[in-house]
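Novice: The following file, input27.txt, comprises compact mmCIF, C-alpha atoms and all ligand atoms:
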```
# COMPACT_ATOMS: atom_id res chain seq x y z
CA MET A 157 -38.88 7.77 27.06
CA SER A 158 -35.40 7.11 28.50
CA LYS A 159 -33.70 3.92 27.47
CA ASN A 160 -30.87 1.94 29.02
CA VAL A 161 -28.53 0.97 26.20
CA LEU A 162 -25.83 -1.71 26.30
CA VAL A 163 -22.91 -1.38 23.85
CA PHE A 164 -20.46 -4.17 23.05
CA VAL A 165 -17.03 -2.53 22.81
CA GLU A 166 -14.40 -4.12 20.58
CA ALA A 167 -10.75 -3.78 21.46
CA ARG A 168 -7.88 -4.45 19.12
CA GLU A 169 -4.17 -4.45 19.88
CA GLY A 170 -4.82 -2.88 23.27
CA GLY A 171 -6.95 0.01 22.02
CA VAL A 172 -10.70 0.51 21.61
CA ARG A 173 -11.83 0.37 17.98
CA LYS A 174 -13.13 3.66 16.54
CA VAL A 175 -16.39 1.99 15.49
CA SER A 176 -17.14 1.20 19.14
CA LEU A 177 -16.81 4.88 20.04
CA GLU A 178 -19.24 5.69 17.20
CA VAL A 179 -21.64 3.09 18.60
CA LEU A 180 -21.35 4.71 22.05
CA ASN A 181 -22.29 8.04 20.43
CA ALA A 182 -25.23 6.29 18.76
CA ALA A 183 -26.30 4.86 22.13
CA ARG A 184 -26.16 8.32 23.72
CA LYS A 185 -28.40 9.59 20.91
CA ILE A 186 -31.23 7.18 21.78
CA ALA A 187 -30.72 6.79 25.54
CA GLN A 188 -31.91 10.32 26.42
CA ASP A 189 -31.80 10.31 30.24
CA GLY A 190 -31.19 6.55 30.34
CA VAL A 191 -27.92 4.83 31.16
CA VAL A 192 -25.35 3.84 28.53
CA ILE A 193 -23.44 0.73 29.58
CA ALA A 194 -20.26 -0.25 27.72
CA ALA A 195 -19.22 -3.90 27.96
CA ILE A 196 -15.59 -4.75 27.19
CA PHE A 197 -13.86 -8.11 27.47
CA ASN A 198 -10.30 -8.55 28.82
CA PRO A 199 -9.31 -4.89 28.33
CA GLU A 200 -5.53 -4.50 28.12
CA VAL A 201 -5.57 -0.84 29.01
CA ASP A 202 -7.68 1.22 31.36
CA SER A 203 -10.62 1.84 29.07
CA VAL A 204 -13.02 3.48 31.51
CA GLU A 205 -11.98 7.08 30.92
CA PRO A 206 -12.06 7.13 27.08
CA LEU A 207 -15.36 5.23 27.02
CA ALA A 208 -16.89 7.73 29.46
CA HIS A 209 -15.76 10.57 27.20
CA TYR A 210 -17.70 9.09 24.30
CA GLY A 211 -20.90 8.54 26.23
CA ALA A 212 -20.66 5.56 28.62
CA ASP A 213 -22.14 5.97 32.11
CA LYS A 214 -21.06 2.51 33.25
CA VAL A 215 -18.23 0.30 32.01
CA VAL A 216 -18.64 -3.42 32.55
CA THR A 217 -15.41 -5.40 32.23
CA VAL A 218 -15.39 -9.16 31.92
CA ASN A 219 -11.99 -10.73 32.50
CA HIS A 220 -11.65 -14.41 31.73
CA PRO A 221 -8.85 -16.51 30.21
CA ASN A 222 -11.33 -17.99 27.70
CA LEU A 223 -11.93 -14.49 26.31
CA ALA A 224 -8.24 -13.79 25.62
CA ILE A 225 -8.68 -14.41 21.87
CA TYR A 226 -11.96 -13.94 20.02
CA THR A 227 -13.91 -17.15 19.57
CA THR A 228 -17.57 -17.21 18.66
CA ASP A 229 -18.65 -19.61 21.43
CA ALA A 230 -16.97 -17.81 24.32
CA TYR A 231 -17.87 -14.26 23.28
CA VAL A 232 -21.49 -15.14 22.50
CA GLN A 233 -21.88 -16.93 25.84
CA ALA A 234 -20.26 -14.12 27.85
CA PHE A 235 -22.10 -11.29 26.09
CA SER A 236 -25.45 -13.10 26.37
CA GLU A 237 -24.84 -13.34 30.12
CA VAL A 238 -24.05 -9.63 30.31
CA VAL A 239 -27.30 -8.85 28.44
CA LYS A 240 -29.30 -11.03 30.87
CA GLU A 241 -27.62 -9.51 33.90
CA PHE A 242 -28.02 -5.83 32.94
CA ASN A 243 -31.33 -6.27 31.08
CA PRO A 244 -31.03 -3.19 28.82
CA ASP A 245 -33.82 -1.78 26.65
CA ALA A 246 -31.47 -1.66 23.66
CA ILE A 247 -28.26 -3.43 22.60
CA LEU A 248 -25.89 -2.00 19.99
CA MET A 249 -22.64 -3.20 18.43
CA GLY A 250 -20.52 -2.40 15.39
CA HIS A 251 -21.31 -4.10 12.08
CA THR A 252 -17.76 -5.46 11.92
CA SER A 253 -16.65 -9.03 11.30
CA VAL A 254 -16.95 -9.64 15.05
CA GLY A 255 -20.37 -7.91 15.23
CA LYS A 256 -21.63 -9.80 12.18
CA ASP A 257 -20.52 -13.07 13.78
CA MET A 258 -21.82 -12.42 17.29
CA ALA A 259 -25.02 -10.44 16.92
CA PRO A 260 -27.25 -13.02 15.15
CA ARG A 261 -26.11 -15.73 17.56
CA VAL A 262 -26.74 -13.61 20.65
CA ALA A 263 -30.13 -12.61 19.20
CA SER A 264 -31.07 -16.20 18.55
CA ARG A 265 -29.87 -17.37 21.99
CA LEU A 266 -31.93 -14.68 23.75
CA GLU A 267 -34.86 -14.86 21.30
CA LEU A 268 -34.51 -11.25 20.20
CA GLY A 269 -35.00 -9.60 16.82
CA LEU A 270 -32.02 -7.94 15.13
CA VAL A 271 -31.78 -4.93 12.81
CA SER A 272 -28.41 -5.30 11.13
CA ASP A 273 -26.04 -3.00 9.21
CA CYS A 274 -27.69 0.32 10.17
CA THR A 275 -26.25 3.53 8.76
CA ASP A 276 -28.25 5.83 11.02
CA LEU A 277 -30.61 5.82 13.96
CA GLY A 278 -32.62 8.37 15.89
CA LEU A 279 -35.79 9.14 17.77
CA SER A 280 -39.12 9.96 16.22
CA GLU A 281 -42.15 10.52 18.45
CA ASN A 282 -40.12 8.95 21.25
CA GLU A 283 -39.59 5.74 19.31
CA VAL A 284 -36.19 4.57 18.09
CA PHE A 285 -35.84 4.20 14.32
CA PHE A 286 -33.00 2.70 12.30
CA VAL A 287 -31.97 3.38 8.71
CA ARG A 288 -30.37 0.58 6.72
CA PRO A 289 -29.41 0.14 3.06
CA ILE A 290 -31.23 -2.42 0.95
CA TYR A 291 -30.85 -3.68 -2.66
CA SER A 292 -27.04 -3.33 -2.47
CA GLY A 293 -27.26 0.27 -1.32
CA LYS A 294 -29.74 1.44 -3.99
CA ALA A 295 -32.42 2.29 -1.41
CA PHE A 296 -32.71 2.85 2.32
CA GLN A 297 -35.38 1.52 4.64
CA LYS A 298 -36.43 2.98 7.98
CA ARG A 299 -37.31 0.43 10.63
CA LYS A 300 -38.70 0.48 14.13
CA VAL A 301 -38.66 -2.31 16.68
CA ILE A 302 -42.24 -2.51 17.93
CA ASP A 303 -41.96 -5.35 20.36
CA GLY A 304 -39.29 -6.41 22.85
CA LYS A 305 -35.70 -5.30 23.22
CA ILE A 306 -34.02 -3.28 20.49
CA PHE A 307 -30.92 -4.97 19.06
CA ALA A 308 -28.95 -3.48 16.17
CA THR A 309 -25.54 -3.43 14.52
CA ILE A 310 -24.14 -0.14 13.23
CA ARG A 311 -22.02 0.18 10.09
CA PRO A 312 -18.60 1.77 10.78
CA ASN A 313 -17.93 5.36 9.67
CA ASN A 314 -21.58 6.44 9.60
CA ILE A 315 -22.25 7.99 13.00
CA PRO A 316 -20.23 11.20 13.32
CA LEU A 317 -17.73 10.76 16.13
CA ASP A 318 -18.52 13.25 18.82
CA PHE A 319 -16.37 13.61 21.87
CA VAL A 320 -19.07 14.01 24.54
CA LYS A 321 -16.89 15.81 27.06
CA THR A 322 -13.69 15.48 29.00
CA GLY A 323 -13.90 15.11 32.74
CA ARG A 324 -16.93 12.86 32.36
CA SER A 325 -16.61 9.72 34.47
CA ALA A 326 -18.18 6.29 34.40
CA GLU A 327 -18.85 3.71 37.07
CA ARG A 328 -16.67 0.61 36.66
CA ILE A 329 -18.27 -2.79 37.22
CA GLU A 330 -16.32 -6.05 37.10
CA TYR A 331 -18.66 -8.82 36.07
CA GLN A 332 -17.79 -12.48 36.65
CA ALA A 333 -19.21 -14.35 33.70
CA GLN A 334 -19.33 -18.08 33.29
CA VAL A 335 -17.34 -18.80 30.10
CA ASP A 336 -16.97 -22.43 29.06
CA PRO A 337 -13.85 -23.48 27.14
CA PRO A 338 -14.65 -22.76 23.48
CA ARG A 339 -15.11 -25.69 21.12
CA THR A 340 -12.69 -24.00 18.71
CA HIS A 341 -9.08 -23.67 19.86
CA VAL A 342 -7.31 -20.72 18.28
CA LYS A 343 -3.59 -21.51 18.28
CA GLU A 344 -2.32 -18.29 16.79
CA VAL A 345 -3.69 -15.12 15.22
CA LEU A 346 -1.76 -14.01 12.14
CA ARG A 347 -2.48 -10.52 10.90
CA LYS A 348 -2.12 -9.87 7.21
CA VAL A 349 -0.14 -6.71 6.66
CA THR A 350 -2.22 -4.84 4.09
CA GLY A 351 -1.42 -1.29 5.10
CA SER A 352 -1.47 0.42 8.44
CA ILE A 353 -4.98 1.88 8.09
CA ASP A 354 -8.06 -0.27 8.51
CA LEU A 355 -10.21 0.03 5.35
CA ASN A 356 -13.41 0.01 7.42
CA GLU A 357 -12.27 3.01 9.42
CA ALA A 358 -10.30 4.94 6.77
CA LYS A 359 -11.41 8.50 6.00
CA ILE A 360 -9.79 8.41 2.56
CA ILE A 361 -9.55 5.36 0.30
CA VAL A 362 -7.67 5.14 -2.99
CA SER A 363 -9.01 2.09 -4.76
CA GLY A 364 -7.65 0.32 -7.81
CA GLY A 365 -9.25 -1.86 -10.45
CA ARG A 366 -8.06 -3.86 -13.42
CA GLY A 367 -7.04 -0.60 -15.07
CA VAL A 368 -4.13 -0.48 -12.59
CA LYS A 369 -2.72 -3.36 -14.67
CA ASN A 370 -0.43 -5.12 -12.14
CA ALA A 371 1.06 -5.23 -8.62
CA GLU A 372 3.55 -2.51 -9.61
CA GLY A 373 0.59 -0.24 -10.48
CA PHE A 374 -0.70 -0.74 -6.93
CA ARG A 375 2.64 0.61 -5.58
CA LEU A 376 1.72 3.89 -7.31
CA LEU A 377 -1.65 3.82 -5.49
CA ASP A 378 0.19 3.13 -2.18
CA LYS A 379 2.31 6.26 -2.70
CA PHE A 380 -0.74 8.31 -3.75
CA ALA A 381 -2.70 7.20 -0.65
CA GLU A 382 0.30 7.83 1.63
CA LEU A 383 0.30 11.49 0.61
CA PHE A 384 -2.93 12.15 2.48
CA GLY A 385 -2.93 9.32 5.01
CA GLY A 386 -5.40 7.19 3.07
CA ALA A 387 -5.84 3.42 2.77
CA VAL A 388 -5.69 1.38 -0.43
CA GLY A 389 -8.64 -0.73 -1.57
CA ALA A 390 -9.39 -2.70 -4.72
CA SER A 391 -12.07 -4.10 -6.99
CA ARG A 392 -12.56 -7.82 -7.21
CA GLY A 393 -11.29 -7.62 -10.77
CA ALA A 394 -7.91 -6.44 -9.45
CA CYS A 395 -7.86 -9.08 -6.68
CA ASP A 396 -8.81 -11.89 -9.08
CA ALA A 397 -6.00 -10.82 -11.40
CA GLY A 398 -3.52 -11.25 -8.52
CA MET A 399 -2.58 -7.55 -8.40
CA CYS A 400 -3.30 -7.30 -4.67
CA ASP A 401 -4.55 -9.22 -1.67
CA TYR A 402 -8.25 -10.15 -1.30
CA ALA A 403 -8.21 -8.35 2.06
CA LEU A 404 -8.41 -5.13 0.00
CA GLN A 405 -11.56 -6.11 -1.91
CA ILE A 406 -14.44 -3.68 -1.67
CA GLY A 407 -17.94 -4.58 -2.77
CA GLN A 408 -20.80 -6.95 -2.35
CA THR A 409 -18.52 -9.88 -1.51
CA GLY A 410 -15.79 -7.72 0.00
CA LYS A 411 -15.73 -4.88 2.51
CA VAL A 412 -18.43 -2.23 2.71
CA VAL A 413 -16.82 1.16 3.23
CA THR A 414 -18.08 4.70 3.75
CA PRO A 415 -15.05 7.01 3.77
CA GLU A 416 -15.22 10.77 3.38
CA LEU A 417 -13.32 10.49 0.09
CA TYR A 418 -13.20 7.47 -2.26
CA ILE A 419 -10.92 7.70 -5.29
CA ALA A 420 -11.68 4.92 -7.79
CA CYS A 421 -8.78 4.41 -10.20
CA GLY A 422 -9.29 2.19 -13.25
CA ILE A 423 -12.51 0.69 -11.86
CA SER A 424 -15.46 0.30 -14.24
CA GLY A 425 -18.15 0.58 -11.55
CA ALA A 426 -19.91 -2.80 -11.68
CA ILE A 427 -23.00 -3.01 -9.44
CA GLN A 428 -21.20 -5.45 -7.13
CA HIS A 429 -18.40 -2.92 -6.58
CA LEU A 430 -20.84 -0.03 -6.06
CA ALA A 431 -22.55 -2.08 -3.32
CA GLY A 432 -19.42 -1.62 -1.22
CA MET A 433 -18.63 2.05 -1.76
CA SER A 434 -21.57 4.03 -3.17
CA ASN A 435 -22.36 5.54 0.25
CA SER A 436 -18.94 7.24 0.43
CA LYS A 437 -19.32 10.96 1.09
CA ILE A 438 -17.36 12.12 -2.00
CA ILE A 439 -16.49 9.85 -4.91
CA VAL A 440 -13.79 10.71 -7.44
CA ALA A 441 -13.37 8.46 -10.49
CA ILE A 442 -10.32 8.28 -12.75
CA ASN A 443 -11.04 6.22 -15.83
CA LYS A 444 -9.99 6.46 -19.46
CA ASP A 445 -13.44 5.37 -20.69
CA PRO A 446 -15.90 8.31 -20.50
CA GLU A 447 -18.80 5.81 -20.64
CA ALA A 448 -17.64 3.83 -17.57
CA PRO A 449 -20.61 3.38 -15.16
CA ILE A 450 -18.49 4.60 -12.21
CA PHE A 451 -19.00 8.16 -13.53
CA GLN A 452 -22.75 7.82 -12.79
CA VAL A 453 -22.06 7.68 -9.03
CA ALA A 454 -18.98 9.93 -9.01
CA ASP A 455 -19.12 13.49 -7.67
CA TYR A 456 -15.98 14.34 -9.65
CA GLY A 457 -14.76 12.49 -12.71
CA ILE A 458 -11.40 12.61 -14.49
CA VAL A 459 -11.36 11.01 -17.94
CA GLY A 460 -7.80 9.97 -18.60
CA ASP A 461 -5.04 7.44 -18.16
CA LEU A 462 -4.51 6.91 -14.43
CA PHE A 463 -0.75 6.53 -14.97
CA GLU A 464 -0.67 10.10 -16.25
CA VAL A 465 -3.37 11.59 -13.98
CA ILE A 466 -2.16 10.24 -10.61
CA PRO A 467 1.46 11.53 -10.88
CA LEU A 468 0.05 14.97 -11.84
CA LEU A 469 -2.31 14.94 -8.84
CA MET A 470 0.58 13.86 -6.57
CA GLU A 471 2.70 16.75 -7.82
CA GLU A 472 -0.14 19.21 -7.17
CA ILE A 473 -0.75 17.82 -3.66
CA ARG A 474 2.98 18.00 -2.80
CA GLU A 475 3.12 21.62 -3.96
CA SER A 476 -0.02 22.71 -2.13
P1 LIG A 501 -13.13 -3.86 -15.29
O1 LIG A 501 -14.61 -4.00 -15.22
O2 LIG A 501 -12.37 -4.67 -16.23
O3 LIG A 501 -12.81 -2.33 -15.38
C1 LIG A 501 -11.52 -1.81 -15.57
C2 LIG A 501 -11.69 -0.34 -15.85
O4 LIG A 501 -10.42 0.26 -15.92
C3 LIG A 501 -12.41 -0.01 -17.18
O5 LIG A 501 -13.50 0.85 -16.92
C4 LIG A 501 -11.33 0.69 -18.02
O6 LIG A 501 -11.86 1.73 -18.82
C5 LIG A 501 -10.43 1.25 -16.94
N1 LIG A 501 -9.04 1.44 -17.36
C6 LIG A 501 -8.22 0.56 -18.01
N2 LIG A 501 -6.99 1.07 -18.14
C7 LIG A 501 -7.01 2.31 -17.56
C8 LIG A 501 -6.04 3.33 -17.40
N3 LIG A 501 -4.78 3.18 -17.79
N4 LIG A 501 -6.43 4.47 -16.78
C9 LIG A 501 -7.70 4.67 -16.36
N5 LIG A 501 -8.67 3.72 -16.49
C10 LIG A 501 -8.31 2.56 -17.09
N6 LIG A 501 -16.51 -6.78 -7.84
C11 LIG A 501 -16.04 -5.99 -6.87
O7 LIG A 501 -15.30 -5.02 -7.14
N7 LIG A 501 -16.34 -6.27 -5.55
C12 LIG A 501 -17.13 -7.30 -5.18
O8 LIG A 501 -17.35 -7.50 -3.98
C13 LIG A 501 -17.67 -8.13 -6.20
N8 LIG A 501 -18.49 -9.15 -5.88
C14 LIG A 501 -19.03 -9.89 -6.90
C15 LIG A 501 -19.97 -10.90 -6.59
C16 LIG A 501 -20.53 -11.63 -7.61
C17 LIG A 501 -21.55 -12.70 -7.25
C18 LIG A 501 -20.19 -11.37 -8.95
C19 LIG A 501 -20.83 -12.16 -10.07
C20 LIG A 501 -19.27 -10.40 -9.27
C21 LIG A 501 -18.67 -9.65 -8.26
N9 LIG A 501 -17.75 -8.64 -8.55
C22 LIG A 501 -17.31 -7.85 -7.54
C23 LIG A 501 -17.16 -8.48 -9.89
C24 LIG A 501 -17.77 -7.35 -10.69
O9 LIG A 501 -18.92 -7.81 -11.38
C25 LIG A 501 -16.76 -6.80 -11.72
O10 LIG A 501 -16.34 -7.86 -12.55
C26 LIG A 501 -15.52 -6.16 -11.11
O11 LIG A 501 -15.90 -5.21 -10.15
C27 LIG A 501 -14.73 -5.48 -12.21
O12 LIG A 501 -13.54 -4.97 -11.69
P2 LIG A 501 -12.83 -3.71 -12.38
O13 LIG A 501 -13.76 -2.56 -12.37
O14 LIG A 501 -11.52 -3.55 -11.71
O15 LIG A 501 -12.51 -4.27 -13.83
```
As structure tokens, how would this structure be written, given the file I've shared?
Specialist:
Amino acid sequence: MSKNVLVFVEAREGGVRKVSLEVLNAARKIAQDGVVIAAIFNPEVDSVEPLAHYGADKVVTVNHPNLAIYTTDAYVQAFSEVVKEFNPDAILMGHTSVGKDMAPRVASRLELGLVSDCTDLGLSENEVFFVRPIYSGKAFQKRKVIDGKIFATIRPNNIPLDFVKTGRSAERIEYQAQVDPPRTHVKEVLRKVTGSIDLNEAKIIVSGGRGVKNAEGFRLLDKFAELFGGAVGASRGACDAGMCDYALQIGQTGKVVTPELYIACGISGAIQHLAGMSNSKIIVAINKDPEAPIFQVADYGIVGDLFEVIPLLMEEIRES
């Protein structure tokens, strides 16, 4: 059965976030012959064409001064209005900090259920199913929404990005939403500079733990990651020891990442760290302790001192 699917598209610094394109692909997967509607607030650039290429049939733009900077109140109000107006069968958004903030509130406002943090979705016997990790990533559950609208958030880096086709066009709709002044006034947004690549969207992550010893050790990881355009992450142990910023923390209480390659350097592999990275496609561990639990989840393990192993790997990569 065809489904009309509404996707909330996140923009950052003028551009559409990669996760939103993945969510559009996900929407296309379940819509069949239905319509995929992309909703974007205050777009700075003409976003219709790229969104059409990734699967949108209609692009709804909402322009309002109260949506200039993200605030929970304004975005929840405006998006709830868009949902009511276009009345889709399914609603999807990225499981990002914005998605995690908005989705439960929109669901509660509209009295909908929510399946959060899905790593996959598809159709089985014409019904939509979602896959989501449970028990800190140790198991996966498959869920179906049996009653009412489908509403789900999708974890970044899990739906393969598929350029639907060039030359595809989408209908543009400008929607006038009522957006009250938010109760929270954001005076300024300060971005922490923690590397140019967003950890959530990085294809390669070089991550450091307490074995990296100090902030200087993290400079070595920066150079290593730079060689192949990767981002640098960290264990909480490293963050707690002041070696790097908490924005780099990966794990249960940090970011959940699923890159194609995760290189864990001097990280023991505590369960709370594994919760944030064990779904990475390929895991490489460098640790001087052969008994370190990280080797149980690693596809490739190097037992050795990271300060000797990493320079050797860098030399090899430069020569290749
Ligand atoms: P360690 O466990 O101290 O491991 C350091 C490793 O480095 C060791 O295996 C050692 O063999 C190796 N090593 C040392 N020197 C070298 C060298 N020269 N070369 C190679 N290897 C070397 N942790 C997270 O990471 N993320 C979270 O989100 C998180 N959330 C938590 C939430 C709660 C409620 C709790 C209780 C804990 C949480 N933790 C989290 C902490 C977690 O339990 C571990 O303490 C932490 O992950 C350990 O960090 P580490 O692996 O860097 O340090």
Novice: Could you list, as a ChimeraX atom specification, every residue within 6 Å of segment 186-202 of chain A, counting all atoms listed in the file and ignoring same-chain residues fewer than 2 positions away?
Specialist: /A:158-165,170,183-184,204,212-219
Novice: Once 5 Å is added on each side, what centre and edge lengths in Å to one decimal does the axis-aligned box around all listed atoms of ligand LIG 501 (chain A) have, as AutoDock Vina command-line options?
Specialist:
```
--center_x -13.2 --center_y -4.0 --center_z -11.4 --size_x 26.8 --size_y 27.4 --size_z 24.8
```
Novice: Around ligand LIG 501 (chain A), which protein and nucleic acid residues have at least one atom no more than 8 Å from it, if we count all atoms listed in the file? List them as an MDAnalysis selection string.
Specialist: chainID A and resid 364:369 390:394 405:411 421:432 442:446 448:450 459:463
Novice: Closest to Asn313 of chain A among A:Ala263, A:Thr275, A:Glu475, A:Val453, using only C-alpha atoms?
Specialist: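 Of A:Ala263, A:Thr275, A:Glu475, A:Val453, the one nearest Asn313 of chain A is A:Thr275, counting only C-alpha atoms.
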Novice: So that I can check the surroundings of Leu279 of chain A, please list as an MDAnalysis selection string every protein, DNA and RNA residue that reaches within 9 Å of it, counting only C-alpha atoms and ignoring chain neighbours fewer than 6 positions away.
Specialist: chainID A and resid 185:186 285:286
Novice: Enter the distance from atom CA of Ile438 of chain A to atom CA of Tyr456 of chain A, in Å, rounded to one decimal.
Specialist: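 About the pair atom CA of Ile438 of chain A and atom CA of Tyr456 of chain A: they are 8.1 Å apart.
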Novice: Calculated over only C-alpha atoms, which of the candidates A:Ala182, A:Leu223, A:Ile310, A:Ile315 has the smallest distance to Ala167 of chain A?
Specialist: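 Checking each of A:Ala182, A:Leu223, A:Ile310, A:Ile315 against Ala167 of chain A, counting only C-alpha atoms, the winner is A:Leu223.
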Novice: From the list A:Asp455, A:Glu357, A:Asp276, A:Glu472, which residue is nearest Phe296 of chain A when using all atoms listed in the file?
Specialist: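 For Phe296 of chain A, the nearest of the candidates is A:Asp276.
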Novice: Which residues are near Asn243 of chain A? Cut-off 10 Å, all atoms listed in the file, ignore same chain within fewer than 2 positions. Put them as a VMD selection string.
Specialist: chain A and resid 160 to 162 237 to 241 245 to 247 305
Novice: Which residues, written as a list in words, have at least one atom at most 10 Å from Arg265 of chain A, with all atoms listed in the file counted and residues fewer than 5 positions away on the same chain left out?
Specialist: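 Contacts, with the query itself left out: Val232, Gln233, Ser236, Ala259 and Pro260 of chain A.
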Novice: Using only C-alpha atoms, determine which residues lie at most 10 Å from Thr228 of chain A, disregarding the query and same-chain residues fewer than 6 positions distant; provide the list as JSON, numbers by chain.
Specialist: {"A": [254, 257, 258, 261, 338, 339, 340]}
Novice: Find the residue from A:Glu416, A:Asp336, A:Asp396, A:Glu464 that sits nearest to Lys359 of chain A; use all atoms listed in the file when measuring.
Specialist: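 Nearest to Lys359 of chain A: A:Glu416.
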Novice: Atom CA of Cys395 of chain A and atom CA of Arg168 of chain A, how far apart in Å?
Specialist: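 Straight-line distance from atom CA of Arg168 of chain A to atom CA of Cys395 of chain A works out to 26.2 Å.
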Novice: If you measure from atom CA of Arg324 of chain A to atom CA of Leu277 of chain A, what distance in Å do you get, rounded to one decimal?
Specialist: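 If I compute the distance from atom CA of Arg324 of chain A to atom CA of Leu277 of chain A, I get 24.0 Å.
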Novice: Using only C-alpha atoms, find the one residue out of A:Ile353, A:Leu404, A:Ala371, A:Val271 that sits nearest to Gly386 of chain A.
Specialist: A:Ile353
Novice: Of the candidates A:Ile329, A:Val345, A:Ile466, A:Leu270, which one gets nearest to Gly255 of chain A if we count all atoms listed in the file?
Specialist: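 Looking only at the distances to Gly255 of chain A, the closest residue turns out to be A:Leu270.
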Novice: Find the residues with any atom within 6 Å of (-14.4, 8.1, -8.6); use only C-alpha atoms and the coordinates as given in the file, and write the answer as a PDB file with C-alpha atoms, keeping the file's coordinate frame.
Specialist:
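Result went into point-v8.pdb, see below:
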```pdb
ATOM      1  CA  ILE A 419     -10.920   7.700  -5.290  1.00  0.00           C
ATOM      2  CA  ALA A 420     -11.680   4.920  -7.790  1.00  0.00           C
ATOM      3  CA  ILE A 439     -16.490   9.850  -4.910  1.00  0.00           C
ATOM      4  CA  VAL A 440     -13.790  10.710  -7.440  1.00  0.00           C
ATOM      5  CA  ALA A 441     -13.370   8.460 -10.490  1.00  0.00           C
ATOM      6  CA  ILE A 442     -10.320   8.280 -12.750  1.00  0.00           C
ATOM      7  CA  ALA A 454     -18.980   9.930  -9.010  1.00  0.00           C
TER       8      ALA A 454
END
```
